>>> print(open('run19.txt').read())   # compact mmCIF, C-alpha atoms
# COMPACT_ATOMS: atom_id res chain seq x y z
CA MET A 1 145.95 39.49 96.74
CA TRP A 2 147.65 41.60 94.08
CA THR A 3 146.53 45.23 94.32
CA HIS A 4 149.52 46.78 92.59
CA HIS A 5 147.52 48.31 89.73
CA LEU A 6 145.03 50.17 91.94
CA LYS A 7 146.71 53.56 91.47
CA ASP A 8 143.96 56.21 91.64
CA PHE A 9 144.53 59.41 93.63
CA GLU A 10 142.05 62.25 94.15
CA TYR A 11 142.62 65.43 96.15
CA ILE A 12 139.51 66.44 98.13
CA PRO A 13 139.66 70.13 99.19
CA ASP A 14 136.88 69.78 101.77
CA TYR A 15 136.00 66.54 103.50
CA ARG A 16 134.21 66.87 106.82
CA GLY A 17 135.71 70.28 107.35
CA GLY A 18 139.29 69.56 106.32
CA GLN A 19 141.52 68.63 103.41
CA ALA A 20 141.72 64.98 102.39
CA ALA A 21 142.73 62.66 99.60
CA ARG A 22 141.19 59.50 98.19
CA VAL A 23 144.04 57.00 97.77
CA SER A 24 144.09 53.53 96.27
CA ALA A 25 145.73 50.51 97.84
CA GLY A 26 148.26 50.00 95.05
CA LEU A 27 149.97 53.35 95.53
CA GLU A 28 153.58 53.10 96.61
CA ALA A 29 155.29 55.71 98.76
CA TRP A 30 157.16 57.32 95.87
CA GLU A 31 153.86 57.77 94.00
CA VAL A 32 152.13 59.24 97.05
CA PHE A 33 154.89 61.82 97.45
CA GLY A 34 154.51 62.75 93.78
CA HIS A 35 150.77 63.34 94.17
CA MET A 36 151.37 65.21 97.41
CA PHE A 37 153.78 67.69 95.86
CA ALA A 38 151.66 68.03 92.70
CA ASN A 39 148.63 69.04 94.79
CA ASN A 40 150.62 71.26 97.19
CA ILE A 41 149.60 69.31 100.29
CA SER A 42 151.23 67.15 102.93
CA ILE A 43 150.20 63.56 103.62
CA VAL A 44 151.54 61.28 106.33
CA ALA A 45 153.40 58.53 104.48
CA PRO A 46 156.51 56.35 104.87
CA ARG A 47 159.78 57.38 103.26
CA ASP A 48 160.90 54.10 101.65
CA GLY A 49 159.95 54.34 98.00
CA THR A 50 158.27 51.00 97.28
CA ILE A 51 156.21 50.53 100.44
CA GLY A 52 152.52 49.99 99.73
CA VAL A 53 151.20 52.80 101.89
CA TYR A 54 147.47 52.21 102.35
CA GLY A 55 147.57 48.48 102.90
CA GLY A 56 150.01 46.84 105.28
CA TRP A 57 151.64 50.07 106.44
CA THR A 58 148.46 51.61 107.85
CA ALA A 59 147.09 48.24 108.98
CA GLY A 60 150.17 47.71 111.15
CA GLY A 61 150.16 51.23 112.60
CA GLY A 62 152.54 53.08 110.30
CA HIS A 63 155.38 54.99 111.97
CA ASN A 64 156.65 58.02 110.08
CA VAL A 65 158.64 61.24 110.33
CA LEU A 66 155.51 63.22 111.29
CA ALA A 67 154.29 60.83 113.97
CA SER A 68 154.98 63.24 116.85
CA ALA A 69 153.09 65.99 115.05
CA TYR A 70 150.25 64.26 113.18
CA GLY A 71 150.15 60.69 114.47
CA LEU A 72 150.62 57.27 112.91
CA GLY A 73 149.54 56.17 109.46
CA ALA A 74 146.54 54.40 110.98
CA ASP A 75 145.40 57.72 112.47
CA GLN A 76 145.06 59.33 109.05
CA VAL A 77 142.26 57.16 107.65
CA LEU A 78 138.84 58.84 107.65
CA SER A 79 137.06 56.21 105.58
CA LEU A 80 138.05 52.98 103.84
CA GLN A 81 136.69 50.65 101.23
CA ALA A 82 137.23 46.91 101.46
CA VAL A 83 136.13 43.52 100.18
CA THR A 84 135.07 41.28 103.06
CA ALA A 85 135.49 37.52 103.39
CA ASP A 86 131.88 36.92 102.29
CA GLY A 87 132.52 38.78 99.01
CA ARG A 88 130.86 42.12 99.79
CA PHE A 89 132.32 45.52 98.87
CA VAL A 90 131.78 47.82 101.83
CA THR A 91 132.64 51.25 103.19
CA ALA A 92 133.85 51.49 106.76
CA ASP A 93 133.95 54.76 108.69
CA GLU A 94 132.65 56.26 111.92
CA ASP A 95 129.05 55.64 110.83
CA HIS A 96 129.24 52.37 108.89
CA ASN A 97 130.89 49.04 109.69
CA GLN A 98 132.57 50.55 112.71
CA ASP A 99 134.13 47.23 113.70
CA LEU A 100 136.05 47.02 110.41
CA PHE A 101 136.97 50.69 110.68
CA TYR A 102 138.48 50.02 114.09
CA ALA A 103 140.31 46.82 113.19
CA MET A 104 141.72 47.77 109.79
CA ARG A 105 143.38 50.90 111.19
CA GLY A 106 146.26 49.43 113.15
CA GLY A 107 144.83 46.01 114.02
CA GLY A 108 147.18 44.05 111.82
CA GLY A 109 147.65 43.33 108.15
CA CYS A 110 149.56 40.75 106.16
CA LYS A 111 152.78 38.94 106.82
CA SER A 112 155.27 36.54 105.34
CA THR A 113 157.68 34.47 107.39
CA ASP A 114 159.96 33.94 104.40
CA LEU A 115 163.38 35.47 105.06
CA PHE A 116 162.19 36.49 108.54
CA ARG A 117 161.00 39.87 107.28
CA LEU A 118 157.35 39.75 108.10
CA LEU A 119 155.35 42.65 106.78
CA TRP A 120 158.10 44.06 104.56
CA TRP A 121 157.42 41.33 102.02
CA CYS A 122 153.79 42.36 101.75
CA MET A 123 154.68 46.03 101.51
CA LEU A 124 157.28 45.57 98.84
CA THR A 125 155.14 43.32 96.65
CA LYS A 126 152.06 45.52 97.05
CA THR A 127 149.99 42.73 98.57
CA THR A 128 147.11 44.25 100.54
CA LEU A 129 145.61 41.50 102.65
CA ALA A 130 144.30 42.69 105.97
CA THR A 131 143.23 40.05 108.44
CA TYR A 132 139.66 41.29 108.20
CA GLY A 133 139.27 42.06 104.49
CA ILE A 134 140.99 43.35 101.37
CA LEU A 135 141.48 47.09 101.51
CA THR A 136 141.04 48.69 98.08
CA SER A 137 141.07 52.43 98.83
CA ALA A 138 140.82 54.96 101.64
CA ILE A 139 140.16 58.61 102.31
CA VAL A 140 142.99 60.04 104.40
CA ARG A 141 143.77 63.34 106.06
CA ALA A 142 145.74 65.95 104.12
CA TYR A 143 147.56 68.94 105.56
CA PRO A 144 149.01 72.21 104.29
CA PRO A 145 152.43 71.94 102.63
CA LEU A 146 155.33 71.98 105.05
CA GLU A 147 159.08 71.78 105.14
CA ILE A 148 161.04 69.42 107.36
CA ARG A 149 164.61 70.30 108.23
CA ALA A 150 167.13 67.77 109.50
CA SER A 151 170.23 67.83 111.67
CA SER A 152 172.54 64.95 110.74
CA PHE A 153 175.75 63.98 112.48
CA SER A 154 177.83 61.00 113.55
CA PHE A 155 180.63 60.08 115.91
CA THR A 156 182.79 57.06 116.71
CA SER A 157 184.11 55.52 119.90
CA GLY A 158 187.75 55.62 118.87
CA ASN A 159 189.73 54.43 121.87
CA ASN A 160 187.33 55.93 124.39
CA THR A 161 184.48 53.45 124.70
CA GLU A 162 183.11 54.79 127.97
CA ALA A 163 182.87 58.32 126.57
CA PHE A 164 181.07 56.91 123.53
CA TRP A 165 178.40 55.18 125.61
CA SER A 166 178.03 58.18 127.87
CA ALA A 167 177.31 60.31 124.78
CA ILE A 168 174.88 57.67 123.49
CA ASN A 169 172.91 57.88 126.73
CA GLU A 170 172.88 61.68 126.55
CA TYR A 171 171.56 61.50 122.99
CA TYR A 172 168.79 59.01 123.77
CA TRP A 173 167.74 60.88 126.90
CA PHE A 174 167.49 64.15 124.95
CA GLN A 175 165.17 62.78 122.26
CA GLN A 176 162.16 63.35 124.47
CA VAL A 177 162.79 67.07 123.86
CA VAL A 178 162.83 66.48 120.10
CA CYS A 179 159.56 64.53 120.20
CA GLU A 180 157.91 67.11 122.45
CA GLY A 181 158.79 69.68 119.76
CA GLY A 182 156.94 67.61 117.11
CA GLY A 183 160.08 66.00 115.69
CA ALA A 184 161.44 62.52 115.17
CA ALA A 185 164.92 61.03 115.09
CA TYR A 186 166.46 58.06 113.28
CA ASP A 187 169.72 56.56 114.50
CA ASN A 188 172.03 53.55 114.33
CA ILE A 189 174.70 52.15 116.63
CA ILE A 190 177.01 49.96 114.58
CA PRO A 191 179.88 47.73 115.73
CA THR A 192 182.83 48.23 113.38
CA GLY A 193 185.37 45.66 114.53
CA GLY A 194 186.75 46.78 117.85
CA SER A 195 185.03 50.17 117.87
CA PHE A 196 181.57 51.62 117.32
CA LEU A 197 179.91 54.10 114.98
CA PHE A 198 176.84 56.19 115.78
CA ASN A 199 174.87 58.16 113.20
CA THR A 200 171.57 59.98 113.31
CA GLU A 201 169.20 62.27 111.49
CA ILE A 202 166.95 64.43 113.67
CA GLU A 203 163.90 65.62 111.75
CA MET A 204 162.00 68.76 112.75
CA PRO A 205 158.89 70.19 111.04
CA PHE A 206 157.64 73.72 111.69
CA LYS A 207 161.05 75.04 112.80
CA SER A 208 163.74 77.16 111.17
CA SER A 209 167.40 76.15 111.11
CA GLU A 210 168.15 78.65 113.85
CA GLU A 211 165.38 77.27 116.07
CA ILE A 212 166.59 73.70 115.55
CA LYS A 213 170.19 74.55 116.41
CA GLU A 214 169.07 76.35 119.53
CA LEU A 215 166.85 73.43 120.55
CA LEU A 216 169.65 70.88 120.10
CA GLN A 217 172.55 72.83 121.59
CA PRO A 218 172.13 71.44 125.14
CA MET A 219 172.56 67.94 123.70
CA PHE A 220 175.85 68.89 122.04
CA ASN A 221 176.98 70.49 125.29
CA ALA A 222 176.32 67.16 127.02
CA PHE A 223 178.35 65.34 124.33
CA ASN A 224 181.31 67.60 124.96
CA GLU A 225 181.06 67.04 128.71
CA SER A 226 181.10 63.29 128.04
CA GLY A 227 184.35 63.58 126.08
CA ILE A 228 182.81 63.24 122.60
CA PHE A 229 183.29 66.43 120.64
CA VAL A 230 180.66 66.98 117.93
CA ALA A 231 179.76 70.28 116.29
CA ASN A 232 176.11 71.35 116.11
CA PRO A 233 175.61 71.11 112.31
CA GLU A 234 173.64 73.46 110.09
CA PRO A 235 170.22 71.87 109.48
CA ARG A 236 169.27 71.17 105.88
CA PRO A 237 166.10 70.03 104.08
CA SER A 238 165.26 66.52 105.21
CA GLN A 239 166.10 63.68 102.85
CA ARG A 240 163.03 61.91 104.22
CA TRP A 241 160.78 64.65 102.88
CA ILE A 242 161.81 64.74 99.25
CA LEU A 243 160.39 62.73 96.37
CA PRO A 244 161.71 59.16 96.77
CA THR A 245 162.41 56.95 93.77
CA ALA A 246 160.89 53.63 92.78
CA ARG A 247 164.12 51.86 93.58
CA ASP A 248 164.29 48.10 93.44
CA VAL A 249 164.12 47.01 97.08
CA ARG A 250 164.26 43.33 97.96
CA PRO A 251 163.57 41.56 101.26
CA GLY A 252 166.68 40.73 103.23
CA ASN A 253 167.83 37.32 104.39
CA THR A 254 168.72 38.06 108.00
CA LYS A 255 166.80 38.07 111.22
CA PHE A 256 165.77 41.11 113.18
CA ALA A 257 163.39 41.88 116.01
CA SER A 258 161.76 45.08 117.23
CA ARG A 259 160.87 46.58 120.57
CA LEU A 260 158.86 49.60 121.70
CA PHE A 261 160.60 51.36 124.60
CA PRO A 262 158.04 52.83 127.05
CA ARG A 263 158.17 56.57 127.59
CA LYS A 264 157.92 56.06 131.37
CA PHE A 265 161.64 55.19 131.47
CA TRP A 266 162.43 58.75 130.37
CA ARG A 267 160.94 60.10 133.61
CA ASP A 268 163.70 58.74 135.82
CA LYS A 269 167.35 58.88 134.80
CA GLU A 270 168.45 55.92 136.90
CA ALA A 271 165.71 53.70 135.42
CA PHE A 272 166.64 55.00 131.98
CA HIS A 273 170.31 54.06 132.42
CA GLN A 274 169.36 50.56 133.58
CA MET A 275 167.13 50.18 130.52
CA MET A 276 170.06 51.08 128.24
CA VAL A 277 172.40 48.41 129.65
CA PRO A 278 171.17 45.55 127.41
CA VAL A 279 171.34 47.89 124.41
CA ARG A 280 175.05 48.35 125.00
CA ASP A 281 175.48 44.62 125.62
CA ALA A 282 173.80 43.77 122.31
CA VAL A 283 175.90 46.19 120.27
CA GLU A 284 179.08 45.01 121.97
CA GLY A 285 177.86 41.49 121.14
CA GLY A 286 178.06 42.39 117.45
CA TYR A 287 174.51 43.46 116.57
CA VAL A 288 173.33 46.68 114.92
CA PHE A 289 170.85 48.68 116.99
CA HIS A 290 168.44 51.01 115.20
CA GLY A 291 166.25 53.54 117.01
CA ILE A 292 163.39 55.74 115.86
CA HIS A 293 162.19 58.32 118.37
CA MET A 294 158.59 59.52 118.09
CA TRP A 295 155.54 60.15 120.21
CA ALA A 296 152.77 58.21 118.51
CA LYS A 297 150.04 59.95 120.43
CA LYS A 298 146.52 59.79 119.02
CA PRO A 299 145.76 63.19 117.46
CA ASP A 300 142.75 65.24 118.52
CA GLY A 301 139.57 64.29 116.69
CA ILE A 302 140.70 60.73 115.94
CA GLY A 303 138.34 58.02 117.08
CA ASP A 304 139.46 54.78 118.65
CA ASN A 305 141.39 52.41 116.42
CA GLY A 306 143.27 49.11 116.61
CA VAL A 307 146.76 50.50 117.26
CA ASN A 308 148.64 48.75 120.06
CA ALA A 309 148.32 50.82 123.23
CA ALA A 310 152.04 50.25 123.88
CA PHE A 311 152.79 52.29 120.77
CA ARG A 312 150.88 55.25 122.21
CA GLU A 313 153.01 55.16 125.35
CA SER A 314 156.37 54.61 123.67
CA GLN A 315 159.29 56.97 123.27
CA MET A 316 161.26 54.87 120.84
CA HIS A 317 160.73 52.08 118.32
CA THR A 318 163.87 49.96 117.92
CA ASP A 319 165.24 47.14 115.77
CA LEU A 320 168.08 44.77 116.56
CA PHE A 321 169.69 43.30 113.45
CA ASP A 322 171.56 40.02 113.08
CA SER A 323 173.92 39.36 110.16
CA VAL A 324 173.59 35.57 109.82
CA PRO A 325 171.57 34.58 106.70
CA PRO A 326 169.39 31.71 108.02
CA THR A 327 168.55 30.19 104.64
CA THR A 328 172.17 29.74 103.55
CA VAL A 329 173.84 28.32 106.67
CA PRO A 330 173.71 24.77 108.11
CA ARG A 331 171.07 23.94 110.71
CA ASP A 332 173.47 23.88 113.64
CA GLU A 333 174.92 27.27 112.69
CA PHE A 334 171.45 28.74 112.34
CA GLU A 335 170.28 27.36 115.66
CA GLU A 336 173.38 28.64 117.44
CA ALA A 337 173.03 32.10 115.89
CA ASN A 338 169.30 32.18 116.62
CA THR A 339 169.80 31.22 120.28
CA ARG A 340 172.52 33.81 120.71
CA PHE A 341 170.43 36.57 119.09
CA GLU A 342 167.39 35.75 121.20
CA SER A 343 169.45 35.89 124.40
CA TYR A 344 170.33 39.53 123.68
CA MET A 345 166.84 40.39 122.46
CA ASN A 346 165.22 38.79 125.51
CA ALA A 347 167.39 40.96 127.74
CA ILE A 348 166.07 44.04 125.94
CA ARG A 349 162.51 42.77 126.32
CA ALA A 350 163.04 42.14 130.03
CA ALA A 351 164.40 45.68 130.51
CA THR A 352 161.35 47.25 128.84
CA PRO A 353 158.28 45.63 130.47
CA GLY A 354 155.03 46.60 128.81
CA GLY A 355 156.82 47.74 125.68
CA GLY A 356 155.53 45.37 123.04
CA ALA A 357 156.78 45.28 119.46
CA TYR A 358 155.95 47.10 116.24
CA TYR A 359 153.95 44.71 114.08
CA ASN A 360 155.31 46.01 110.76
CA GLU A 361 158.91 45.26 111.73
CA ALA A 362 158.97 42.18 113.88
CA ASP A 363 160.33 38.74 114.62
CA THR A 364 158.31 35.72 113.51
CA GLN A 365 159.41 34.11 116.75
CA GLU A 366 158.28 37.00 118.94
CA PRO A 367 157.25 35.53 122.32
CA LYS A 368 153.62 36.06 123.35
CA TRP A 369 153.06 37.81 120.03
CA GLN A 370 149.35 38.41 120.59
CA GLU A 371 150.08 40.69 123.52
CA SER A 372 153.33 42.07 122.12
CA PHE A 373 151.97 43.09 118.70
CA PHE A 374 148.43 44.09 119.66
CA GLY A 375 148.09 44.46 123.44
CA ARG A 376 146.30 41.94 125.66
CA ASP A 377 142.90 43.64 125.89
CA ASN A 378 143.03 44.95 122.33
CA TYR A 379 143.74 41.47 120.99
CA LYS A 380 140.53 40.12 122.52
CA ARG A 381 138.52 42.82 120.78
CA LEU A 382 140.28 42.28 117.45
CA LEU A 383 139.82 38.53 117.70
CA ASN A 384 136.06 38.95 118.17
CA ILE A 385 135.95 41.12 115.04
CA LYS A 386 137.96 38.53 113.12
CA LYS A 387 135.63 35.71 114.14
CA LYS A 388 132.58 37.75 113.19
CA ARG A 389 133.90 38.99 109.84
CA ASP A 390 135.86 35.93 108.72
CA PRO A 391 134.68 32.78 110.53
CA TRP A 392 136.05 30.68 107.64
CA SER A 393 139.65 31.98 107.95
CA VAL A 394 139.61 33.07 104.31
CA PHE A 395 142.32 35.59 105.17
CA TRP A 396 145.24 33.99 106.96
CA ALA A 397 148.90 34.75 107.56
CA PRO A 398 151.24 33.86 110.44
CA GLN A 399 151.00 35.95 113.61
CA THR A 400 147.89 37.78 112.45
CA VAL A 401 144.79 38.06 114.61
CA GLY A 402 143.06 34.69 114.73
CA SER A 403 145.87 32.80 113.03
CA GLU A 404 146.28 30.33 115.92
CA GLY A 405 143.88 27.83 114.40
CA TRP A 406 146.22 27.03 111.51
CA GLU A 407 149.90 26.30 111.05
CA ILE A 408 152.34 25.62 108.23
CA LYS A 409 153.87 22.16 108.22
CA SER A 410 157.39 22.78 106.96
CA ASP A 411 160.51 20.65 106.85
CA ASP A 412 162.71 23.75 106.87
CA TYR A 413 164.81 24.27 109.99
CA PHE A 414 164.11 28.01 109.89
CA PRO A 415 160.65 29.67 109.98
CA SER A 416 159.18 29.61 106.48
CA GLN A 417 155.96 29.20 104.52
CA ASN A 418 157.30 26.28 102.50
CA GLY A 419 154.68 23.67 103.27
CA PRO A 420 150.96 22.92 103.54
CA LEU A 421 148.68 25.00 105.74
CA CYS A 422 146.95 22.71 108.23
CA ARG A 423 144.41 23.08 111.00
CA VAL A 424 145.76 22.95 114.53
CA LYS A 425 144.15 20.21 116.58
CA GLN A 426 142.18 21.76 119.41
>>> encode(input="run19.txt", output="structure tokens")
Amino acid sequence: MWTHHLKDFEYIPDYRGGQAARVSAGLEAWEVFGHMFANNISIVAPRDGTIGVYGGWTAGGGHNVLASAYGLGADQVLSLQAVTADGRFVTADEDHNQDLFYAMRGGGGCKSTDLFRLLWWCMLTKTTLATYGILTSAIVRAYPPLEIRASSFSFTSGNNTEAFWSAINEYYWFQQVVCEGGGAAYDNIIPTGGSFLFNTEIEMPFKSSEEIKELLQPMFNAFNESGIFVANPEPRPSQRWILPTARDVRPGNTKFASRLFPRKFWRDKEAFHQMMVPVRDAVEGGYVFHGIHMWAKKPDGIGDNGVNAAFRESQMHTDLFDSVPPTTVPRDEFEEANTRFESYMNAIRAATPGGGAYYNEADTQEPKWQESFFGRDNYKRLLNIKKKRDPWSVFWAPQTVGSEGWEIKSDDYFPSQNGPLCRVKQ
């Protein structure tokens, strides 16, 4: 469903006692930021310029730089308009079509298995197919204008690998302080051929540069004690909170998988260190590890929605990236690379029981995906809504709620959508 040309935006000064905006499903992130700055307001939105914000991003949950302060993208929707499988145009909010209002805020959107990048394909092509209906527009929360300041730094292992990993653990442990202060952090651990590179950007709203430096200083003290010497940099305006551009972003051709790390492991340092062991193993095995630290707590005044409960209890959303392009290598090379990647990813899953995975950035081969993406009890509720609203399976995509009744018959040796869609024999 091509919603790219639905571009309307309307600022609403007073909607149920607060600021809001009416946004259309075709708006991309760079356009949302433009409207936000033009109207002197703040809106929770993703940073990457061409993401379709009010379709797949909110349907999958929607992590963002303000998650610890204002919640996920799914938490921002006050009302939505959609076309249902029986051809009706409806409004869903707290008073009308409450089942759709619940499911379409975090209960899963669209996917594509092509090139392994599931929801990114839908975001980048502005396809807005939720499992339960076609979202056309929404009314979302708006906030007063704000500034986000960022502290960015990096360090390498050099010839002191143990000091490097000690500093990594100190950094990850400290991010609970950042999230408690309403901030978020984005980082990467990158193997560089015999050594390792770490970089990060810690994002803090509502705080001055002096307050940020003071907040972070204990972390830099811990780095120094570990043998990694990094200066506490001067915070600057966040690059994630400036007007992005409509750059040409294309889906990648490599596999990655995601994992939500439960916040409970940050309550006990020994358990935390054990949890981090497979992270080190994976990076030393040649994979890039990406972490985003946020507390995706449900904000006050937000009703129940379809967001995975594991997201609410997480400290960190992570991705593990492979570098083997599955569509351009022979079958045996793909299968060997896939098996090797899954062995490292399964170790991370085993070390984070109850963690689940972020639906918007996930592996098509995610084990027990119903529970991992949506939560066991939540999936049952979402499946009942799907069966009620779309008993004909008009809206279908792999690993979406209710998709088990159909499968793609493909001759490809990697997961793809190159083939007919057929019913699964019961």
>>> closest_residue(input="run19.txt", among="A:Leu421, A:Ile43, A:Val177, A:Met219", to="Trp396 (chain A)", atoms="all atoms listed in the file")
A:Leu421
>>> closest_residue(input="run19.txt", among="A:Trp295, A:Tyr344, A:Phe374, A:Phe196", to="Asn360 (chain A)", atoms="all atoms listed in the file")
A:Phe374
>>> atom_distance(input="run19.txt", atom1="CA of Asp86 (chain A)", atom2="CA of Ser393 (chain A)")
10.8 Å
>>> closest_residue(input="run19.txt", among="A:Leu6, A:Leu80, A:Ala150, A:Ala163", to="Pro233 (chain A)", atoms="only C-alpha atoms")
A:Ala150
>>> atom_distance(input="run19.txt", atom1="CA of Pro144 (chain A)", atom2="CA of Ala69 (chain A)")
13.1 Å
